[in-house]
Structure formats: C-alpha cells, structure tokens
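Visitor: Starting off with a structure, shown below.
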Amino acid sequence: MKWIKKGRIFEPRGQTPWMQKYGILPTPFYIEEKNIIRIFFGTSAEDNVCKITYLDVNAEKPSEIIYLHTTPLLPEGEPGLFDEHGLNPSQIVIINHQPHLFYIGYQRLQSIPYLLFCSYAILNEEMNKVIYRKKTPLLDRTHHEPFIRSAITIVQEEDLYHLWYVSAYKWEWINNELFKNKQLPNYHIKYLRTKNFVEWNKHPKPVIAAKNDSEFGFGRPWCIKENNVFKMWYSLRRKNISYRIGYAESLDGMHWDRKDEPMGIDVSETGWDSEMICYPAVIKVKKKTYLFYNGNNNGATGFGYAELAE
C-alpha cells in the first residue's frame, strides 16, 4: 500500500467568527450526481467549542474547493447535554433512504478533561439541513465503558449494521517530553452490530488494542468492506510518538490483523502535517481511492488528502 500526498485542502483562518480554529475529523461523502465530495468537519472559535459544517470539493480533484458552508450545520448541544461543549462528525450513513450524520459530543469536566459519547442527526436529502437531532447518546456509558463510547464507523450489509467505536476504560497522567504532565484516556476500539440501533449484539473484548506499554490510544476508526475483507484505518497514539495512521484487516469484523507498518504514509518533513497525522477517512470515487486526514495539533492546521497509488 502506497499513498501519495496531495496536500492540504482546508485551513481554518477566520472564514467566519466561529471558524477560527480546527478543521477536525474530515468526514467525506461522495455525491455522484453532482460529482462532488462533501466533507463534513468540526471547527471552532477561540473557545474550542466545535460546530459541524461542511465544504464541497471536486470529486476528481479534491484540492479544489467548490463551496464552503458558512452557517453551522450542527451547533453544540443545550447546557447539560452530552454535547454541550462541542461536537465533531464521525460518518454519514444512509438509513431508510435518509442521510444520518453520526457525530461525537463533548462534555468537559473538572476531575477529568472530558467525556465523549456519540449520537446522530438526520439530514434532508440535500444534506445541508438538520431535520432531527437525537439529544441523548446512541451508545451511553456502561460499567466497563464509563468515559468514552464514540467515533462510530459503520458498514451496512443488507439489514445488518456493523459498528466499530472508540472505547475508553481509564485515564492516566503522562509526563514526558511529548505530553508534559497531561491527563489522557486509555482507549481502544470495540465492535457491536445491530439491525435497528436499539438492540445490540455486543462483542465483549476490544478488537483493536495495545500491543505494548507504549501504545495507549486508538482513535477515529474508519472501516470499509472490499472483496469480502473488512479494512480499517485508525489513529494510533503512543507515549513517545504523536498520532500516526494505522491499518488492519479482518474477515469477520471481530478478529483483526494489524498491518500498521505497510500503511504507506507518515508525517511530512515540514509543514502542516510534519508532527502528526490522524483521524483518517477513506472513500473510493470511480477508480480512485482517497484518504482524508488531519495534521498537526489534532486538526488545528486543517485537513488534507492523499491518493492510493498501489
């Protein structure tokens, strides 16, 4: 696998008063009839409270921005709700002919930095307006997952939905040159499936988890199924190395073979993605495969893309 970097697409720089910082978790959806890729992302003012908006790019040349939506598509939730301090997109999935925007909601705390849980909003056919918003988490906290159940990725097979998500089981202080006494979650990727998003068939163990003491985080999974193989990209976090993009394959969605080294993309020598690359999203458009991702400081420098060469 070899990816050719094509550069940065978007950088937040005050395009609106609430678009000062971050272009985080680029979430692409191919709209074939318009020959565009609509990329949903989170962005914020100086208060770090992200709202979700989107931009449209040329499907044959994603570096070409056709339209930037300058009104929040989905703002933060009401005070006291799980998403009161901001939200980021996870994935667009068509369910019963309606676009569902799955997203991550933030709630800040005093004892730990935040909680993250997921929910969804239903969009109109044009995907430019919210017509329904679920105010409670789709995956709420459990005894074994009390801090984070979020960043869903979904593969649909007829009436069955496979879900993978980020799950945190503890917080710890990390004090080294990279993190400088920072409180961070330990998180891995778990799996479940459903037919109605109410009743769940759960897999008890993590499906992507740490191999050694250095690894402590697996963020924003993105999964597709191709030639009867599930393929997953994710953000891999280590105590001595900032985010990189990992990759794994599975035949059943539960047992995965990690192939991080052959992933074929790393940080650049200089520029917007020279310190980290993270939050991948992969889509196939005609005969091309695109990887959208964030760069330095978890998306503060915006997002770009790469194209699969082999």
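Letters for chains follow the order of the structure tokens (A, B, ...), residue numbers begin at 1 for each chain, and ligand numbers begin at 1 in the order shown.
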Fewer than 2 positions away in the same chain doesn't count, so skip those; otherwise give me all residues within 10 Å of Tyr132 (chain A), counting only C-alpha atoms, as an mmCIF file with C-alpha atoms, in the first residue's frame.

Guide:
data_model
loop_
_atom_site.group_PDB
_atom_site.id
_atom_site.type_symbol
_atom_site.label_atom_id
_atom_site.label_comp_id
_atom_site.auth_asym_id
_atom_site.auth_seq_id
_atom_site.Cartn_x
_atom_site.Cartn_y
_atom_site.Cartn_z
ATOM 1 C CA HIS A 100 -27.759 10.109 9.101
ATOM 2 C CA TYR A 120 -26.743 11.200 15.279
ATOM 3 C CA ALA A 121 -28.729 13.792 13.380
ATOM 4 C CA ILE A 122 -30.924 13.115 10.358
ATOM 5 C CA LEU A 123 -30.324 15.416 7.395
ATOM 6 C CA ASN A 124 -32.547 16.390 4.493
ATOM 7 C CA LYS A 129 -30.066 20.971 6.891
ATOM 8 C CA VAL A 130 -30.778 19.013 10.076
ATOM 9 C CA LYS A 134 -31.148 12.853 18.935
ATOM 10 C CA LYS A 135 -30.426 14.631 22.225
#

Visitor: Near Leu178 (chain A), counting only C-alpha atoms, which residues have an atom at most 8 Å away, once you skip same-chain residues fewer than 2 positions from it, shown as a PyMOL selection string?

Guide: chain A and resi 175-176+180+239-242

Visitor: Can you write just those residues out, N, CA and C atoms, as an mmCIF file, in the first residue's frame?

Guide:
data_model
loop_
_atom_site.group_PDB
_atom_site.id
_atom_site.type_symbol
_atom_site.label_atom_id
_atom_site.label_comp_id
_atom_site.auth_asym_id
_atom_site.auth_seq_id
_atom_site.Cartn_x
_atom_site.Cartn_y
_atom_site.Cartn_z
ATOM 1 N N ASN A 175 3.685 12.091 31.740
ATOM 2 C CA ASN A 175 4.618 13.207 31.882
ATOM 3 C C ASN A 175 5.931 12.849 31.194
ATOM 4 N N ASN A 176 6.076 13.317 29.984
ATOM 5 C CA ASN A 176 7.328 13.128 29.241
ATOM 6 C C ASN A 176 7.532 14.319 28.308
ATOM 7 N N LYS A 180 4.080 16.200 28.555
ATOM 8 C CA LYS A 180 4.300 17.197 29.597
ATOM 9 C C LYS A 180 3.189 17.227 30.651
ATOM 10 N N LYS A 239 3.031 6.715 23.683
ATOM 11 C CA LYS A 239 3.511 7.634 24.709
ATOM 12 C C LYS A 239 4.725 8.434 24.256
ATOM 13 N N ASN A 240 5.444 7.921 23.279
ATOM 14 C CA ASN A 240 6.657 8.604 22.835
ATOM 15 C C ASN A 240 6.583 9.108 21.397
ATOM 16 N N ILE A 241 5.442 8.890 20.744
ATOM 17 C CA ILE A 241 5.262 9.335 19.357
ATOM 18 C C ILE A 241 3.848 9.882 19.216
ATOM 19 N N SER A 242 3.712 11.023 18.575
ATOM 20 C CA SER A 242 2.381 11.593 18.371
ATOM 21 C C SER A 242 1.596 10.747 17.374
#

Visitor: Which residues are close to Val166 (chain A), i.e. within 6 Å by only C-alpha atoms, leaving aside same-chain residues fewer than 5 positions away? Reply as a VMD selection string.

Guide: chain A and resid 149 to 151 188 to 189

Visitor: Just to be explicit: take each residue in the selection above, keep N, CA and C atoms, and write the result as a compact mmCIF listing (two decimals), in the first residue's frame.

Guide:
# COMPACT_ATOMS: atom_id res chain seq x y z
N ARG A 149 -17.52 6.39 24.61
CA ARG A 149 -18.06 5.43 23.63
C ARG A 149 -18.45 6.28 22.43
N SER A 150 -17.56 6.35 21.47
CA SER A 150 -17.77 7.37 20.46
C SER A 150 -17.01 7.05 19.18
N ALA A 151 -17.01 8.02 18.24
CA ALA A 151 -16.31 7.93 16.95
C ALA A 151 -16.69 6.66 16.19
N HIS A 188 -9.36 2.01 23.28
CA HIS A 188 -9.19 1.02 22.23
C HIS A 188 -10.45 1.01 21.37
N ILE A 189 -10.51 0.08 20.42
CA ILE A 189 -11.65 0.01 19.50
C ILE A 189 -12.45 -1.25 19.79

Visitor: When you draw a straight line from CA of Ser167 (chain A) to CA of Glu46 (chain A), how long is it in Å?

Guide: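 So the two atoms, CA of Ser167 (chain A) and CA of Glu46 (chain A), lie 28.0 Å apart.
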
Visitor: For a quick check of understanding, using only C-alpha atoms, which of A:Phe147, A:Trp18, A:Tyr305, A:Trp164 has the smallest distance to Val282 (chain A)?

Guide: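 Among the listed residues, A:Tyr305 lies closest to Val282 (chain A).
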
Visitor: I want to know what sits within 9 Å of Asn294 (chain A), based on only C-alpha atoms, with residues of the same chain fewer than 4 positions away left out; could you give that as a PDB file with C-alpha atoms, in the first residue's frame?

Guide:
ATOM      1  CA  GLY A  23     -10.815  21.637  10.733  1.00  0.00           C
ATOM      2  CA  ILE A  24     -11.134  18.384  12.599  1.00  0.00           C
ATOM      3  CA  LEU A  25     -12.285  14.858  11.635  1.00  0.00           C
ATOM      4  CA  PRO A  26     -12.840  15.315   7.895  1.00  0.00           C
ATOM      5  CA  TRP A 272       1.050  21.323   8.287  1.00  0.00           C
ATOM      6  CA  ASP A 273       1.366  17.523   8.811  1.00  0.00           C
ATOM      7  CA  MET A 276       1.329  14.085  13.359  1.00  0.00           C
ATOM      8  CA  ILE A 277      -1.217  12.570  11.001  1.00  0.00           C
ATOM      9  CA  CYS A 278      -4.543  11.390  12.383  1.00  0.00           C
ATOM     10  CA  TYR A 279      -8.316  10.878  12.038  1.00  0.00           C
ATOM     11  CA  PRO A 280      -8.332   9.059   8.672  1.00  0.00           C
ATOM     12  CA  ASN A 298      -5.109  17.224  16.169  1.00  0.00           C
ATOM     13  CA  GLY A 299      -6.548  19.200  13.278  1.00  0.00           C
ATOM     14  CA  ALA A 300      -5.615  22.764  14.278  1.00  0.00           C
ATOM     15  CA  THR A 301      -3.842  23.077  10.918  1.00  0.00           C
ATOM     16  CA  GLY A 302      -6.806  21.765   8.965  1.00  0.00           C
ATOM     17  CA  PHE A 303      -7.099  18.698   6.779  1.00  0.00           C
ATOM     18  CA  GLY A 304      -5.720  17.336   3.537  1.00  0.00           C
ATOM     19  CA  TYR A 305      -5.744  14.192   1.480  1.00  0.00           C
TER      20      TYR A 305
END

Visitor: How many Å separate CA of Met254 (chain A) from CA of Ser90 (chain A)?

Guide: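 Atom-to-atom, CA of Met254 (chain A) and CA of Ser90 (chain A) are spaced 20.2 Å apart.
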
Visitor: Distance CA of Ile39 (chain A)-CA of Val57 (chain A), one decimal place?

Guide: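 Going from CA of Ile39 (chain A) over to CA of Val57 (chain A), I get 7.7 Å.
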
Visitor: Can you tell me, as a PyMOL selection string, which residues in region 72-255 of chain A count as strand (DSSP E or B) by DSSP?

Guide: chain A and resi 74+87-95+98-108+114-123+130-133+139+148-157+160-174+182-194+200-202+208+215-226+229-238+244-250

Visitor: Pick out the closest residue to Glu249 (chain A) from this set: A:Lys195, A:Lys231, A:Arg13, A:Arg220. Count only C-alpha atoms.

Guide: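 Closest to Glu249 (chain A), using only C-alpha atoms: A:Lys231.
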
Visitor: Need the shell around Leu116 (chain A): protein/DNA/RNA residues with any atom at most 10 Å away, counting only C-alpha atoms. Skip same-chain ones fewer than 3 positions apart. Format as a PyMOL selection string?

Guide: chain A and resi 82-83+87+104-108+137+140-141+146-151+166-168

Visitor: Using only C-alpha atoms, which residues sit within 9 Å of region 196-200 of chain A once same-chain residues fewer than 2 positions away are excluded, as a CSV table (one decimal) with N, CA and C atoms, in the first residue's frame?

Guide:
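Okay, out34.csv is ready:
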chain,number,residue,atom,x,y,z
A,138,LEU,N,-26.3,7.7,21.6
A,138,LEU,CA,-26.7,6.4,21.0
A,138,LEU,C,-26.1,5.3,21.8
A,159,ASP,N,-29.8,-5.7,6.0
A,159,ASP,CA,-30.4,-5.1,7.2
A,159,ASP,C,-29.6,-5.2,8.4
A,160,LEU,N,-28.3,-5.5,8.3
A,160,LEU,CA,-27.4,-5.6,9.4
A,160,LEU,C,-26.3,-4.5,9.4
A,161,TYR,N,-26.1,-3.8,10.5
A,161,TYR,CA,-25.1,-2.8,10.6
A,161,TYR,C,-24.0,-3.2,11.5
A,192,LEU,N,-19.7,-3.9,17.8
A,192,LEU,CA,-21.0,-4.4,18.0
A,192,LEU,C,-21.8,-4.4,16.7
A,193,ARG,N,-23.0,-5.0,16.7
A,193,ARG,CA,-23.8,-5.0,15.5
A,193,ARG,C,-25.2,-4.9,15.9
A,194,THR,N,-26.1,-4.4,14.9
A,194,THR,CA,-27.5,-4.1,15.2
A,194,THR,C,-28.3,-4.2,13.9
A,202,LYS,N,-23.4,-7.4,21.2
A,202,LYS,CA,-22.1,-6.9,21.6
A,202,LYS,C,-21.0,-7.9,21.6

Visitor: Would you mind listing what lies within 9 Å of Leu184 (chain A) as a list in words, with only C-alpha atoms counted and same-chain residues fewer than 2 positions away left out?

Guide: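 With the cut-off at 9 Å, the set is Ile112, Pro113, Lys170, Trp171, Glu172, Trp173, Ile174, Lys182 and Asn186 of chain A.
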